[in-house]
file model_18.pdb (PDB, C-alpha atoms)
ATOM      1  CA  MET A   1    -124.647 244.777  45.791
ATOM      2  CA  GLU A   2    -123.211 246.357  42.653
ATOM      3  CA  ASN A   3    -123.443 249.783  44.277
ATOM      4  CA  ARG A   4    -121.607 248.545  47.324
ATOM      5  CA  GLN A   5    -118.831 247.036  45.211
ATOM      6  CA  ASN A   6    -118.575 250.229  43.227
ATOM      7  CA  PHE A   7    -118.437 252.262  46.416
ATOM      8  CA  ASN A   8    -115.687 250.014  47.832
ATOM      9  CA  ASN A   9    -113.732 250.260  44.610
ATOM     10  CA  ILE A  10    -113.823 254.063  44.609
ATOM     11  CA  GLN A  11    -113.023 254.195  48.304
ATOM     12  CA  GLN A  12    -110.015 251.907  47.841
ATOM     13  CA  ARG A  13    -108.631 254.015  45.016
ATOM     14  CA  VAL A  14    -109.223 257.197  47.007
ATOM     15  CA  ASN A  15    -107.343 255.666  49.941
ATOM     16  CA  LEU A  16    -104.412 254.782  47.722
ATOM     17  CA  TYR A  17    -104.419 258.255  46.218
ATOM     18  CA  LEU A  18    -104.408 259.998  49.606
ATOM     19  CA  ASP A  19    -101.704 257.619  50.830
ATOM     20  CA  GLN A  20     -99.658 258.559  47.741
ATOM     21  CA  GLU A  21     -99.608 254.924  46.638
ATOM     22  CA  LEU A  22    -101.448 255.294  43.332
ATOM     23  CA  SER A  23     -99.577 255.348  40.021
ATOM     24  CA  SER A  24     -99.598 258.696  38.251
ATOM     25  CA  ASP A  25    -101.903 257.407  35.483
ATOM     26  CA  ALA A  26    -104.373 255.986  37.993
ATOM     27  CA  GLU A  27    -104.162 259.224  39.939
ATOM     28  CA  LYS A  28    -105.034 261.292  36.885
ATOM     29  CA  GLU A  29    -107.916 258.978  36.131
ATOM     30  CA  LEU A  30    -109.298 259.264  39.663
ATOM     31  CA  LEU A  31    -109.039 263.065  39.703
ATOM     32  CA  HIS A  32    -110.765 263.218  36.353
ATOM     33  CA  GLU A  33    -113.572 261.030  37.740
ATOM     34  CA  ALA A  34    -113.829 263.270  40.791
ATOM     35  CA  GLU A  35    -114.341 266.272  38.509
ATOM     36  CA  SER A  36    -117.107 264.645  36.557
ATOM     37  CA  ASP A  37    -118.784 262.450  39.179
ATOM     38  CA  LYS A  38    -120.224 264.071  42.292
ATOM     39  CA  LYS A  39    -120.196 260.803  44.256
ATOM     40  CA  VAL A  40    -116.459 260.272  43.669
ATOM     41  CA  LYS A  41    -115.769 263.853  44.731
ATOM     42  CA  GLU A  42    -117.806 263.343  47.912
ATOM     43  CA  ILE A  43    -115.900 260.195  48.801
ATOM     44  CA  LEU A  44    -112.595 261.942  48.169
ATOM     45  CA  GLU A  45    -113.547 264.889  50.377
ATOM     46  CA  ALA A  46    -114.886 262.645  53.122
ATOM     47  CA  GLU A  47    -111.708 260.547  53.201
ATOM     48  CA  ARG A  48    -109.580 263.668  53.241
ATOM     49  CA  GLY A  49    -111.630 265.050  56.121
ATOM     50  CA  PHE A  50    -111.392 261.764  58.001
ATOM     51  CA  ARG A  51    -107.604 261.769  57.823
ATOM     52  CA  GLU A  52    -107.436 265.411  58.813
ATOM     53  CA  MET A  53    -109.608 264.650  61.835
ATOM     54  CA  LEU A  54    -107.336 261.777  62.877
ATOM     55  CA  ARG A  55    -104.236 263.887  62.443
ATOM     56  CA  ILE A  56    -105.679 266.696  64.557
ATOM     57  CA  LYS A  57    -107.635 264.806  67.179
ATOM     58  CA  VAL A  58    -105.713 261.645  68.046
ATOM     59  CA  GLN A  59    -103.820 262.209  71.271
ATOM     60  CA  ARG A  60    -100.074 262.595  70.888
ATOM     61  CA  SER A  61     -97.482 262.195  73.598
ATOM     62  CA  HIS A  62     -94.525 264.373  74.444
ATOM     63  CA  VAL A  63     -91.596 263.401  76.563
ATOM     64  CA  SER A  64     -89.999 265.604  79.185
ATOM     65  CA  PRO A  65     -86.345 266.681  79.116
ATOM     66  CA  ASP A  66     -85.909 264.682  82.340
ATOM     67  CA  PHE A  67     -87.031 261.529  80.568
ATOM     68  CA  ILE A  68     -84.484 262.114  77.808
ATOM     69  CA  LYS A  69     -81.812 262.625  80.468
ATOM     70  CA  SER A  70     -82.778 259.367  82.146
ATOM     71  CA  ILE A  71     -82.497 257.494  78.831
ATOM     72  CA  LYS A  72     -79.029 258.950  78.232
ATOM     73  CA  LYS A  73     -78.054 257.991  81.773
ATOM     74  CA  SER A  74     -79.277 254.409  81.274
ATOM     75  CA  ILE A  75     -77.301 254.183  78.036
ATOM     76  CA  ARG A  76     -74.129 255.429  79.748
ATOM     77  CA  LYS A  77     -74.588 252.815  82.465
ATOM     78  CA  GLY A  78     -74.885 250.249  79.671
TER      79      GLY A  78
ATOM     80  CA  MET B   1     -38.961 250.766  74.771
ATOM     81  CA  ALA B   2     -41.557 248.007  74.372
ATOM     82  CA  ILE B   3     -43.525 249.380  77.324
ATOM     83  CA  ILE B   4     -43.507 252.882  75.823
ATOM     84  CA  GLN B   5     -44.725 251.473  72.486
ATOM     85  CA  LYS B   6     -47.504 249.590  74.283
ATOM     86  CA  VAL B   7     -48.598 252.735  76.160
ATOM     87  CA  VAL B   8     -48.601 254.749  72.924
ATOM     88  CA  HIS B   9     -50.603 251.977  71.226
ATOM     89  CA  LEU B  10     -53.152 251.872  74.073
ATOM     90  CA  GLY B  11     -53.404 255.658  73.987
ATOM     91  CA  ALA B  12     -54.148 255.573  70.266
ATOM     92  CA  GLU B  13     -56.661 252.767  70.828
ATOM     93  CA  ASN B  14     -58.411 254.796  73.548
ATOM     94  CA  HIS B  15     -58.405 257.804  71.279
ATOM     95  CA  ARG B  16     -60.010 255.779  68.479
ATOM     96  CA  THR B  17     -62.575 254.300  70.887
ATOM     97  CA  LEU B  18     -63.379 257.756  72.229
ATOM     98  CA  GLY B  19     -63.621 259.126  68.689
ATOM     99  CA  LYS B  20     -65.964 256.320  67.712
ATOM    100  CA  LYS B  21     -68.094 256.826  70.823
ATOM    101  CA  LYS B  22     -68.308 260.542  70.109
ATOM    102  CA  LYS B  23     -69.402 259.785  66.546
ATOM    103  CA  LEU B  24     -72.052 257.326  67.736
ATOM    104  CA  ASP B  25     -73.301 259.818  70.330
ATOM    105  CA  LYS B  26     -73.624 262.407  67.598
ATOM    106  CA  ILE B  27     -75.655 260.028  65.383
ATOM    107  CA  PHE B  28     -77.807 259.136  68.384
ATOM    108  CA  LYS B  29     -78.494 262.770  69.209
ATOM    109  CA  LYS B  30     -79.002 264.008  65.649
ATOM    110  CA  GLU B  31     -80.801 261.086  64.004
ATOM    111  CA  LEU B  32     -82.463 258.997  66.690
ATOM    112  CA  LEU B  33     -83.538 261.296  69.517
ATOM    113  CA  PRO B  34     -85.666 263.622  67.312
ATOM    114  CA  HIS B  35     -88.191 260.762  66.940
ATOM    115  CA  ILE B  36     -88.776 260.331  70.648
ATOM    116  CA  ASP B  37     -92.212 262.022  70.781
ATOM    117  CA  ALA B  38     -93.478 259.946  67.836
ATOM    118  CA  LEU B  39     -92.199 256.764  69.491
ATOM    119  CA  LYS B  40     -93.859 257.714  72.765
ATOM    120  CA  THR B  41     -97.178 258.322  70.959
ATOM    121  CA  PHE B  42     -96.935 254.921  69.276
ATOM    122  CA  ALA B  43     -95.942 253.205  72.531
ATOM    123  CA  TYR B  44     -98.754 254.887  74.430
ATOM    124  CA  HIS B  45    -101.431 253.750  71.990
ATOM    125  CA  LEU B  46    -100.040 250.218  71.993
ATOM    126  CA  SER B  47     -99.756 249.847  75.746
ATOM    127  CA  TYR B  48    -102.601 252.095  77.012
ATOM    128  CA  ASN B  49    -100.360 253.027  79.899
ATOM    129  CA  GLU B  50     -97.952 255.918  80.546
ATOM    130  CA  GLN B  51     -95.376 253.914  82.497
ATOM    131  CA  ASP B  52     -95.370 250.998  80.061
ATOM    132  CA  ALA B  53     -95.019 253.460  77.189
ATOM    133  CA  ASN B  54     -92.014 255.093  78.883
ATOM    134  CA  ASP B  55     -90.451 251.675  79.486
ATOM    135  CA  LEU B  56     -90.944 250.744  75.832
ATOM    136  CA  VAL B  57     -89.378 253.974  74.596
ATOM    137  CA  GLN B  58     -86.448 253.577  76.959
ATOM    138  CA  GLU B  59     -85.907 249.976  75.891
ATOM    139  CA  THR B  60     -86.095 251.028  72.245
ATOM    140  CA  TYR B  61     -83.356 253.637  72.649
ATOM    141  CA  MET B  62     -81.158 251.314  74.666
ATOM    142  CA  LYS B  63     -81.439 248.639  71.976
ATOM    143  CA  ALA B  64     -80.898 251.189  69.221
ATOM    144  CA  TYR B  65     -77.722 252.407  70.905
ATOM    145  CA  ARG B  66     -76.508 248.846  71.439
ATOM    146  CA  PHE B  67     -76.929 248.096  67.733
ATOM    147  CA  ILE B  68     -76.088 251.555  66.427
ATOM    148  CA  ASP B  69     -73.142 250.075  64.487
ATOM    149  CA  LYS B  70     -75.713 248.344  62.266
ATOM    150  CA  TYR B  71     -77.465 251.613  61.524
ATOM    151  CA  GLN B  72     -76.434 253.411  58.337
ATOM    152  CA  PRO B  73     -76.375 257.159  59.094
ATOM    153  CA  GLY B  74     -78.738 259.121  56.890
ATOM    154  CA  THR B  75     -81.073 256.166  56.258
ATOM    155  CA  ASN B  76     -84.576 255.744  57.644
ATOM    156  CA  SER B  77     -83.899 256.015  61.372
ATOM    157  CA  LYS B  78     -87.554 256.573  62.234
ATOM    158  CA  ALA B  79     -88.697 253.308  60.614
ATOM    159  CA  TRP B  80     -85.757 251.484  62.234
ATOM    160  CA  LEU B  81     -86.737 252.769  65.695
ATOM    161  CA  PHE B  82     -90.414 251.935  65.175
ATOM    162  CA  LYS B  83     -89.481 248.387  64.228
ATOM    163  CA  ILE B  84     -87.393 248.021  67.372
ATOM    164  CA  LEU B  85     -90.251 249.384  69.474
ATOM    165  CA  LYS B  86     -92.811 247.104  67.849
ATOM    166  CA  ASN B  87     -90.611 244.063  68.560
ATOM    167  CA  ALA B  88     -90.013 245.216  72.137
ATOM    168  CA  PHE B  89     -93.766 245.580  72.613
ATOM    169  CA  ILE B  90     -94.490 242.110  71.237
ATOM    170  CA  ASN B  91     -91.828 240.549  73.444
ATOM    171  CA  ALA B  92     -92.977 242.392  76.562
ATOM    172  CA  TYR B  93     -96.657 241.670  76.076
ATOM    173  CA  ARG B  94     -96.166 238.054  75.091
ATOM    174  CA  ARG B  95     -94.607 237.631  78.494
ATOM    175  CA  LYS B  96     -96.956 239.552  80.715
ATOM    176  CA  SER B  97    -100.252 240.463  79.104
ATOM    177  CA  THR B  98    -103.455 238.787  78.191
ATOM    178  CA  ARG B  99    -104.097 241.516  75.642
ATOM    179  CA  PRO B 100    -104.116 240.002  72.156
ATOM    180  CA  THR B 101    -101.484 241.194  69.698
ATOM    181  CA  GLN B 102    -103.008 239.224  66.836
ATOM    182  CA  VAL B 103    -106.533 239.339  65.568
ATOM    183  CA  ASP B 104    -108.621 236.712  63.940
ATOM    184  CA  PHE B 105    -108.666 238.100  60.432
ATOM    185  CA  GLU B 106    -111.477 235.889  59.203
ATOM    186  CA  GLU B 107    -113.649 237.198  62.003
ATOM    187  CA  ALA B 108    -112.610 240.783  61.311
ATOM    188  CA  ILE B 109    -113.266 240.482  57.588
ATOM    189  CA  SER B 110    -116.743 239.068  58.040
ATOM    190  CA  TYR B 111    -117.437 241.782  60.615
ATOM    191  CA  GLN B 112    -116.333 244.400  58.120
ATOM    192  CA  GLU B 113    -118.315 242.979  55.237
ATOM    193  CA  SER B 114    -121.472 242.925  57.314
ATOM    194  CA  LYS B 115    -120.902 246.602  58.101
ATOM    195  CA  ASN B 116    -120.212 247.869  54.621
ATOM    196  CA  VAL B 117    -123.532 249.617  54.193
ATOM    197  CA  ALA B 118    -123.197 251.435  57.485
ATOM    198  CA  VAL B 119    -119.675 252.473  56.546
ATOM    199  CA  GLY B 120    -121.002 253.971  53.341
ATOM    200  CA  GLU B 121    -123.522 255.935  55.331
ATOM    201  CA  PHE B 122    -120.682 257.419  57.348
ATOM    202  CA  PHE B 123    -119.996 259.794  54.501
ATOM    203  CA  ASP B 124    -123.374 261.403  54.902
ATOM    204  CA  LEU B 125    -122.683 261.957  58.571
ATOM    205  CA  ARG B 126    -119.243 263.385  58.232
ATOM    206  CA  LYS B 127    -119.698 267.133  58.704
ATOM    207  CA  GLU B 128    -121.844 266.955  61.795
ATOM    208  CA  LEU B 129    -119.868 264.020  63.099
ATOM    209  CA  PHE B 130    -116.456 265.634  62.783
ATOM    210  CA  ASP B 131    -117.667 268.776  64.521
ATOM    211  CA  LYS B 132    -119.012 266.813  67.454
ATOM    212  CA  MET B 133    -116.017 264.551  67.937
ATOM    213  CA  MET B 134    -113.685 265.407  70.758
ATOM    214  CA  GLY B 135    -110.076 264.247  70.715
ATOM    215  CA  ASP B 136    -110.756 261.852  73.595
ATOM    216  CA  GLU B 137    -113.493 260.065  71.690
ATOM    217  CA  VAL B 138    -111.423 259.722  68.553
ATOM    218  CA  THR B 139    -108.464 258.462  70.578
ATOM    219  CA  MET B 140    -110.681 256.015  72.466
ATOM    220  CA  ALA B 141    -112.234 254.699  69.264
ATOM    221  CA  LEU B 142    -108.789 254.181  67.770
ATOM    222  CA  ASP B 143    -107.436 252.510  70.906
ATOM    223  CA  ASN B 144    -110.401 250.138  70.956
ATOM    224  CA  LEU B 145    -109.599 248.721  67.530
ATOM    225  CA  PRO B 146    -107.962 245.290  67.449
ATOM    226  CA  MET B 147    -104.192 245.686  67.761
ATOM    227  CA  ASP B 148    -103.223 244.909  64.148
ATOM    228  CA  PHE B 149    -105.748 247.378  62.779
ATOM    229  CA  LYS B 150    -104.905 250.137  65.220
ATOM    230  CA  THR B 151    -101.209 249.733  64.433
ATOM    231  CA  VAL B 152    -101.542 250.364  60.696
ATOM    232  CA  ILE B 153    -103.623 253.506  61.295
ATOM    233  CA  LEU B 154    -101.065 254.830  63.762
ATOM    234  CA  LEU B 155     -98.221 254.187  61.346
ATOM    235  CA  CYS B 156     -99.950 255.480  58.228
ATOM    236  CA  ASP B 157    -102.337 258.234  59.308
ATOM    237  CA  ILE B 158    -100.570 259.523  62.392
ATOM    238  CA  GLU B 159     -96.907 258.964  61.511
ATOM    239  CA  GLN B 160     -97.225 259.216  57.722
ATOM    240  CA  PHE B 161     -95.157 256.131  56.931
ATOM    241  CA  SER B 162     -95.444 254.770  53.388
ATOM    242  CA  TYR B 163     -96.917 251.310  52.770
ATOM    243  CA  GLU B 164     -93.415 250.013  52.068
ATOM    244  CA  GLU B 165     -92.123 251.340  55.385
ATOM    245  CA  ILE B 166     -95.117 249.918  57.261
ATOM    246  CA  ALA B 167     -94.537 246.536  55.617
ATOM    247  CA  GLU B 168     -90.917 246.698  56.751
ATOM    248  CA  ILE B 169     -91.770 247.757  60.325
ATOM    249  CA  LEU B 170     -94.503 245.164  60.796
ATOM    250  CA  GLU B 171     -92.785 242.488  58.694
ATOM    251  CA  ILE B 172     -95.877 241.817  56.580
ATOM    252  CA  PRO B 173     -96.456 242.003  52.781
ATOM    253  CA  ILE B 174     -97.453 245.350  51.243
ATOM    254  CA  GLY B 175    -100.739 243.837  50.069
ATOM    255  CA  THR B 176    -101.587 243.042  53.681
ATOM    256  CA  VAL B 177    -100.792 246.621  54.693
ATOM    257  CA  ARG B 178    -103.162 247.879  52.012
ATOM    258  CA  SER B 179    -106.075 245.604  52.902
ATOM    259  CA  ARG B 180    -105.565 245.970  56.640
ATOM    260  CA  LEU B 181    -105.588 249.764  56.374
ATOM    261  CA  PHE B 182    -108.773 249.723  54.329
ATOM    262  CA  ARG B 183    -110.540 247.577  56.907
ATOM    263  CA  ALA B 184    -109.057 249.427  59.856
ATOM    264  CA  ARG B 185    -110.267 252.808  58.645
ATOM    265  CA  ASN B 186    -113.755 251.488  57.999
ATOM    266  CA  MET B 187    -113.895 249.859  61.420
ATOM    267  CA  LEU B 188    -112.819 253.136  62.984
ATOM    268  CA  LYS B 189    -115.503 255.062  61.074
ATOM    269  CA  GLU B 190    -118.072 252.603  62.342
ATOM    270  CA  LYS B 191    -116.935 253.152  65.928
ATOM    271  CA  LEU B 192    -116.962 256.924  65.475
ATOM    272  CA  LYS B 193    -120.460 256.755  64.084
ATOM    273  CA  SER B 194    -121.603 254.816  67.172
ATOM    274  CA  TYR B 195    -119.976 257.442  69.406
ATOM    275  CA  ALA B 196    -121.681 260.233  67.465
ATOM    276  CA  LEU B 197    -125.055 258.547  67.833
ATOM    277  CA  SER B 198    -124.468 257.996  71.549
ATOM    278  CA  LEU B 199    -123.634 261.704  71.850
ATOM    279  CA  GLY B 200    -127.079 262.479  70.553
ATOM    280  CA  TYR B 201    -126.356 262.945  66.873
ATOM    281  CA  GLU B 202    -129.598 262.556  64.964
ATOM    282  CA  ASP B 203    -129.616 260.942  61.585
ATOM    283  CA  LYS B 204    -131.460 263.530  59.519
ATOM    284  CA  ARG B 205    -130.945 261.843  56.170
ATOM    285  CA  GLU B 206    -134.350 260.177  56.036
ATOM    286  CA  ALA B 207    -136.056 263.518  56.663
ATOM    287  CA  ARG B 208    -133.898 265.099  53.962
ATOM    288  CA  ARG B 209    -134.755 262.298  51.526
ATOM    289  CA  GLN B 210    -138.468 262.771  52.186
ATOM    290  CA  LYS B 211    -138.129 266.521  51.698
ATOM    291  CA  ASN B 212    -136.325 266.056  48.375
ATOM    292  CA  LYS B 213    -138.911 263.512  47.277
ATOM    293  CA  SER B 214    -141.792 265.881  47.984
ATOM    294  CA  LYS B 215    -139.995 268.657  46.085
ATOM    295  CA  GLU B 216    -139.597 266.364  43.095
ATOM    296  CA  GLU B 217    -143.275 265.419  43.231
ATOM    297  CA  GLU B 218    -144.299 269.081  43.273
TER     298      GLU B 218
END
call {"tool": "encode", "arguments": {"input": "model_18.pdb", "output": "C-alpha cells"}}
result
Amino acid sequence: MENRQNFNNIQQRVNLYLDQELSSDAEKELLHEAESDKKVKEILEAERGFREMLRIKVQRSHVSPDFIKSIKKSIRKG
Amino acid sequence: MAIIQKVVHLGAENHRTLGKKKKLDKIFKKELLPHIDALKTFAYHLSYNEQDANDLVQETYMKAYRFIDKYQPGTNSKAWLFKILKNAFINAYRRKSTRPTQVDFEEAISYQESKNVAVGEFFDLRKELFDKMMGDEVTMALDNLPMDFKTVILLCDIEQFSYEEIAEILEIPIGTVRSRLFRARNMLKEKLKSYALSLGYEDKREARRQKNKSKEEE
C-alpha cells in the first residue's frame, strides 16, 4: 500500500514536470531524486517514452485545400 | 448638395466597411486558419467520423468569423478555436447522439484505483510494448477512453496546451485538469497493455525475477 502511494506520488510529480507545471524548486528536487534513485529515473523515462509514443502514433488529420476553400465560401455566403 | 454629401458619406462608410472586412480576413487567414489541421484532429477523435469532424471544423470557423470582433489579435487563437469547437461538439451531440459526453467520475476513480498495481507494472512492459504498438492500436485505445478523459489527453499530449489553457477550453478548474489527466493516462496505459497482451506479448518479468533470485542464491 505504501509502495503504491509512493509510486503514485512520484508518477504525479513526473507528470507535472513533463507537462511543465512543476515549480522550479520542485523540479530541481525531482531531477535530483532521479539522479540518485533508480526507480524515479525509470518512472521519468517511462513517462517520457509514453508521451513520445502518443505524439508519434496517435492519428492526426489533415484538411485538403478544397475543404479550406469550402469554408471560405460558406463564410462569404454568411 | 445634400445628395452629394450623402453619397460621399456612404462612399466613406463603404470604404471603412471594406477596410474592416479586409482586416478581419487578414486576421482570419493569418491567425485562425493555421490551426485547421489541429482542429480537425481534435474533431475527428471526438466524433469518430470524418464527415462529422468536417462539419464541426466548418461550424467552428463560421462561428469564429461571426465573433471575430471579440477576438484580440495576437492572443491565444488556438485555445479560442478549440473552445468554440468543444462547445459546438457538445451542442451537436446533445441533440443527436447517444454517446455520453460526461463520465461517472466516481465509477472511473474506483476503476482506476483497482487498477493501480497493473498500471505500475506497465513500466516494466514499456520497451517491448512501445515497439509492438501500431498507430492504429494507440489511436483506438485513446478513442475508447471515456470522453472527458480522452479530451484532456488530446489537449495536453497531442496539442501541447498548458493546464491553464485546458481549464479555459473545457471550463473546469485546473485541479480537475490535473487529476483527470493523471487518471486518463493511466487508463490509457492499461488499455495499451491489454492490446499488447492480445498481440501476443509475453510477460517475461516472472522469469526474469526467478533468474535474478537464483543468481543471488548462487
call {"tool": "residues_around", "arguments": {"input": "model_18.pdb", "residues": "region 18-28 of chain A", "least_positions_apart": "3", "cutoff": "8 Å", "atoms": "all atoms listed in the file", "output": "list of chain:residue names"}}
result
A:Arg13, A:Val14, A:Asn15, A:Leu31, A:His32, A:Arg48, B:Cys156, B:Ser162, B:Tyr163
call {"tool": "resolve_selection", "arguments": {"input": "model_18.pdb", "expression": "the PyMOL selection byres ((chain B and resi 64) around 9)", "output": "PyMOL selection string"}}
result
chain B and resi 28+32+59-63+65-68+71+80-81+84
call {"tool": "closest_atom_pairs", "arguments": {"input": "model_18.pdb", "of": "chain A", "to": "chain B", "cutoff": "9 Å", "atoms": "all atoms listed in the file", "output": "JSON lines"}}
result
{"residue": "A:Arg4", "atom": "CA", "partner": "B:Val117", "partner_atom": "CA", "distance": 7.2}
{"residue": "A:Phe7", "atom": "CA", "partner": "B:Gly120", "partner_atom": "CA", "distance": 7.6}
{"residue": "A:Asn8", "atom": "CA", "partner": "B:Asn116", "partner_atom": "CA", "distance": 8.4}
{"residue": "A:Gln11", "atom": "CA", "partner": "B:Phe182", "partner_atom": "CA", "distance": 8.6}
{"residue": "A:Gln12", "atom": "CA", "partner": "B:Phe182", "partner_atom": "CA", "distance": 7.0}
{"residue": "A:Asn15", "atom": "CA", "partner": "B:Phe182", "partner_atom": "CA", "distance": 7.5}
{"residue": "A:Leu16", "atom": "CA", "partner": "B:Arg178", "partner_atom": "CA", "distance": 8.2}
{"residue": "A:Asp19", "atom": "CA", "partner": "B:Ser162", "partner_atom": "CA", "distance": 7.3}
{"residue": "A:Gln20", "atom": "CA", "partner": "B:Ser162", "partner_atom": "CA", "distance": 8.0}
{"residue": "A:Glu21", "atom": "CA", "partner": "B:Tyr163", "partner_atom": "CA", "distance": 7.6}
{"residue": "A:Glu42", "atom": "CA", "partner": "B:Phe123", "partner_atom": "CA", "distance": 7.8}
{"residue": "A:Ile43", "atom": "CA", "partner": "B:Phe123", "partner_atom": "CA", "distance": 7.0}
{"residue": "A:Ala46", "atom": "CA", "partner": "B:Phe123", "partner_atom": "CA", "distance": 6.0}
{"residue": "A:Glu47", "atom": "CA", "partner": "B:Phe123", "partner_atom": "CA", "distance": 8.4}
{"residue": "A:Gly49", "atom": "CA", "partner": "B:Arg126", "partner_atom": "CA", "distance": 8.1}
{"residue": "A:Phe50", "atom": "CA", "partner": "B:Phe130", "partner_atom": "CA", "distance": 8.0}
{"residue": "A:Arg51", "atom": "CA", "partner": "B:Asp157", "partner_atom": "CA", "distance": 6.5}
{"residue": "A:Glu52", "atom": "CA", "partner": "B:Asp157", "partner_atom": "CA", "distance": 8.8}
{"residue": "A:Met53", "atom": "CA", "partner": "B:Phe130", "partner_atom": "CA", "distance": 7.0}
{"residue": "A:Leu54", "atom": "CA", "partner": "B:Asp157", "partner_atom": "CA", "distance": 7.1}
{"residue": "A:Arg55", "atom": "CA", "partner": "B:Ile158", "partner_atom": "CA", "distance": 5.7}
{"residue": "A:Ile56", "atom": "CA", "partner": "B:Gly135", "partner_atom": "CA", "distance": 8.0}
{"residue": "A:Lys57", "atom": "CA", "partner": "B:Gly135", "partner_atom": "CA", "distance": 4.3}
{"residue": "A:Val58", "atom": "CA", "partner": "B:Thr139", "partner_atom": "CA", "distance": 4.9}
{"residue": "A:Gln59", "atom": "CA", "partner": "B:Thr139", "partner_atom": "CA", "distance": 6.0}
{"residue": "A:Arg60", "atom": "CA", "partner": "B:Thr41", "partner_atom": "CA", "distance": 5.2}
{"residue": "A:Ser61", "atom": "CA", "partner": "B:Thr41", "partner_atom": "CA", "distance": 4.7}
{"residue": "A:His62", "atom": "CA", "partner": "B:Asp37", "partner_atom": "CA", "distance": 4.9}
{"residue": "A:Val63", "atom": "CA", "partner": "B:Asp37", "partner_atom": "CA", "distance": 6.0}
{"residue": "A:Phe67", "atom": "CA", "partner": "B:Asn54", "partner_atom": "CA", "distance": 8.3}
{"residue": "A:Ile68", "atom": "CA", "partner": "B:Leu33", "partner_atom": "CA", "distance": 8.4}
{"residue": "A:Ser70", "atom": "CA", "partner": "B:Gln58", "partner_atom": "CA", "distance": 8.6}
{"residue": "A:Ile71", "atom": "CA", "partner": "B:Gln58", "partner_atom": "CA", "distance": 5.9}
{"residue": "A:Lys72", "atom": "CA", "partner": "B:Met62", "partner_atom": "CA", "distance": 8.7}
{"residue": "A:Ser74", "atom": "CA", "partner": "B:Met62", "partner_atom": "CA", "distance": 7.5}
{"residue": "A:Ile75", "atom": "CA", "partner": "B:Met62", "partner_atom": "CA", "distance": 5.9}
{"residue": "A:Gly78", "atom": "CA", "partner": "B:Met62", "partner_atom": "CA", "distance": 8.1}
call {"tool": "write_last_selection", "arguments": {"input": "model_18.pdb", "atoms": "C-alpha atoms", "output": "PDB file, in the coordinates of the input"}}
result
ATOM      1  CA  ARG A   4    -121.607 248.545  47.324  1.00  0.00           C
ATOM      2  CA  PHE A   7    -118.437 252.262  46.416  1.00  0.00           C
ATOM      3  CA  ASN A   8    -115.687 250.014  47.832  1.00  0.00           C
ATOM      4  CA  GLN A  11    -113.023 254.195  48.304  1.00  0.00           C
ATOM      5  CA  GLN A  12    -110.015 251.907  47.841  1.00  0.00           C
ATOM      6  CA  ASN A  15    -107.343 255.666  49.941  1.00  0.00           C
ATOM      7  CA  LEU A  16    -104.412 254.782  47.722  1.00  0.00           C
ATOM      8  CA  ASP A  19    -101.704 257.619  50.830  1.00  0.00           C
ATOM      9  CA  GLN A  20     -99.658 258.559  47.741  1.00  0.00           C
ATOM     10  CA  GLU A  21     -99.608 254.924  46.638  1.00  0.00           C
ATOM     11  CA  GLU A  42    -117.806 263.343  47.912  1.00  0.00           C
ATOM     12  CA  ILE A  43    -115.900 260.195  48.801  1.00  0.00           C
ATOM     13  CA  ALA A  46    -114.886 262.645  53.122  1.00  0.00           C
ATOM     14  CA  GLU A  47    -111.708 260.547  53.201  1.00  0.00           C
ATOM     15  CA  GLY A  49    -111.630 265.050  56.121  1.00  0.00           C
ATOM     16  CA  PHE A  50    -111.392 261.764  58.001  1.00  0.00           C
ATOM     17  CA  ARG A  51    -107.604 261.769  57.823  1.00  0.00           C
ATOM     18  CA  GLU A  52    -107.436 265.411  58.813  1.00  0.00           C
ATOM     19  CA  MET A  53    -109.608 264.650  61.835  1.00  0.00           C
ATOM     20  CA  LEU A  54    -107.336 261.777  62.877  1.00  0.00           C
ATOM     21  CA  ARG A  55    -104.236 263.887  62.443  1.00  0.00           C
ATOM     22  CA  ILE A  56    -105.679 266.696  64.557  1.00  0.00           C
ATOM     23  CA  LYS A  57    -107.635 264.806  67.179  1.00  0.00           C
ATOM     24  CA  VAL A  58    -105.713 261.645  68.046  1.00  0.00           C
ATOM     25  CA  GLN A  59    -103.820 262.209  71.271  1.00  0.00           C
ATOM     26  CA  ARG A  60    -100.074 262.595  70.888  1.00  0.00           C
ATOM     27  CA  SER A  61     -97.482 262.195  73.598  1.00  0.00           C
ATOM     28  CA  HIS A  62     -94.525 264.373  74.444  1.00  0.00           C
ATOM     29  CA  VAL A  63     -91.596 263.401  76.563  1.00  0.00           C
ATOM     30  CA  PHE A  67     -87.031 261.529  80.568  1.00  0.00           C
ATOM     31  CA  ILE A  68     -84.484 262.114  77.808  1.00  0.00           C
ATOM     32  CA  SER A  70     -82.778 259.367  82.146  1.00  0.00           C
ATOM     33  CA  ILE A  71     -82.497 257.494  78.831  1.00  0.00           C
ATOM     34  CA  LYS A  72     -79.029 258.950  78.232  1.00  0.00           C
ATOM     35  CA  SER A  74     -79.277 254.409  81.274  1.00  0.00           C
ATOM     36  CA  ILE A  75     -77.301 254.183  78.036  1.00  0.00           C
ATOM     37  CA  GLY A  78     -74.885 250.249  79.671  1.00  0.00           C
TER      38      GLY A  78
END
call {"tool": "atom_distance", "arguments": {"input": "model_18.pdb", "atom1": "CA of Ala184 (chain B)", "atom2": "CA of Phe149 (chain B)"}}
result
4.9 Å
call {"tool": "atom_distance", "arguments": {"input": "model_18.pdb", "atom1": "CA of Leu145 (chain B)", "atom2": "CA of Arg183 (chain B)"}}
result
10.7 Å
call {"tool": "axis_aligned_box", "arguments": {"input": "model_18.pdb", "around": "region 158-177 of chain B", "padding_each_side": "4 Å", "output": "AutoDock Vina command-line options"}}
result
--center_x -96.3 --center_y 250.7 --center_z 56.2 --size_x 18.7 --size_y 25.7 --size_z 20.3
call {"tool": "atom_distance", "arguments": {"input": "model_18.pdb", "atom1": "CA of Lys83 (chain B)", "atom2": "CA of Leu46 (chain B)"}}
result
13.2 Å
call {"tool": "closest_residue", "arguments": {"input": "model_18.pdb", "among": "B:Leu56, B:Met187, B:Leu24, B:Leu85", "to": "Lys70 (chain B)", "atoms": "all atoms listed in the file"}}
result
B:Leu24
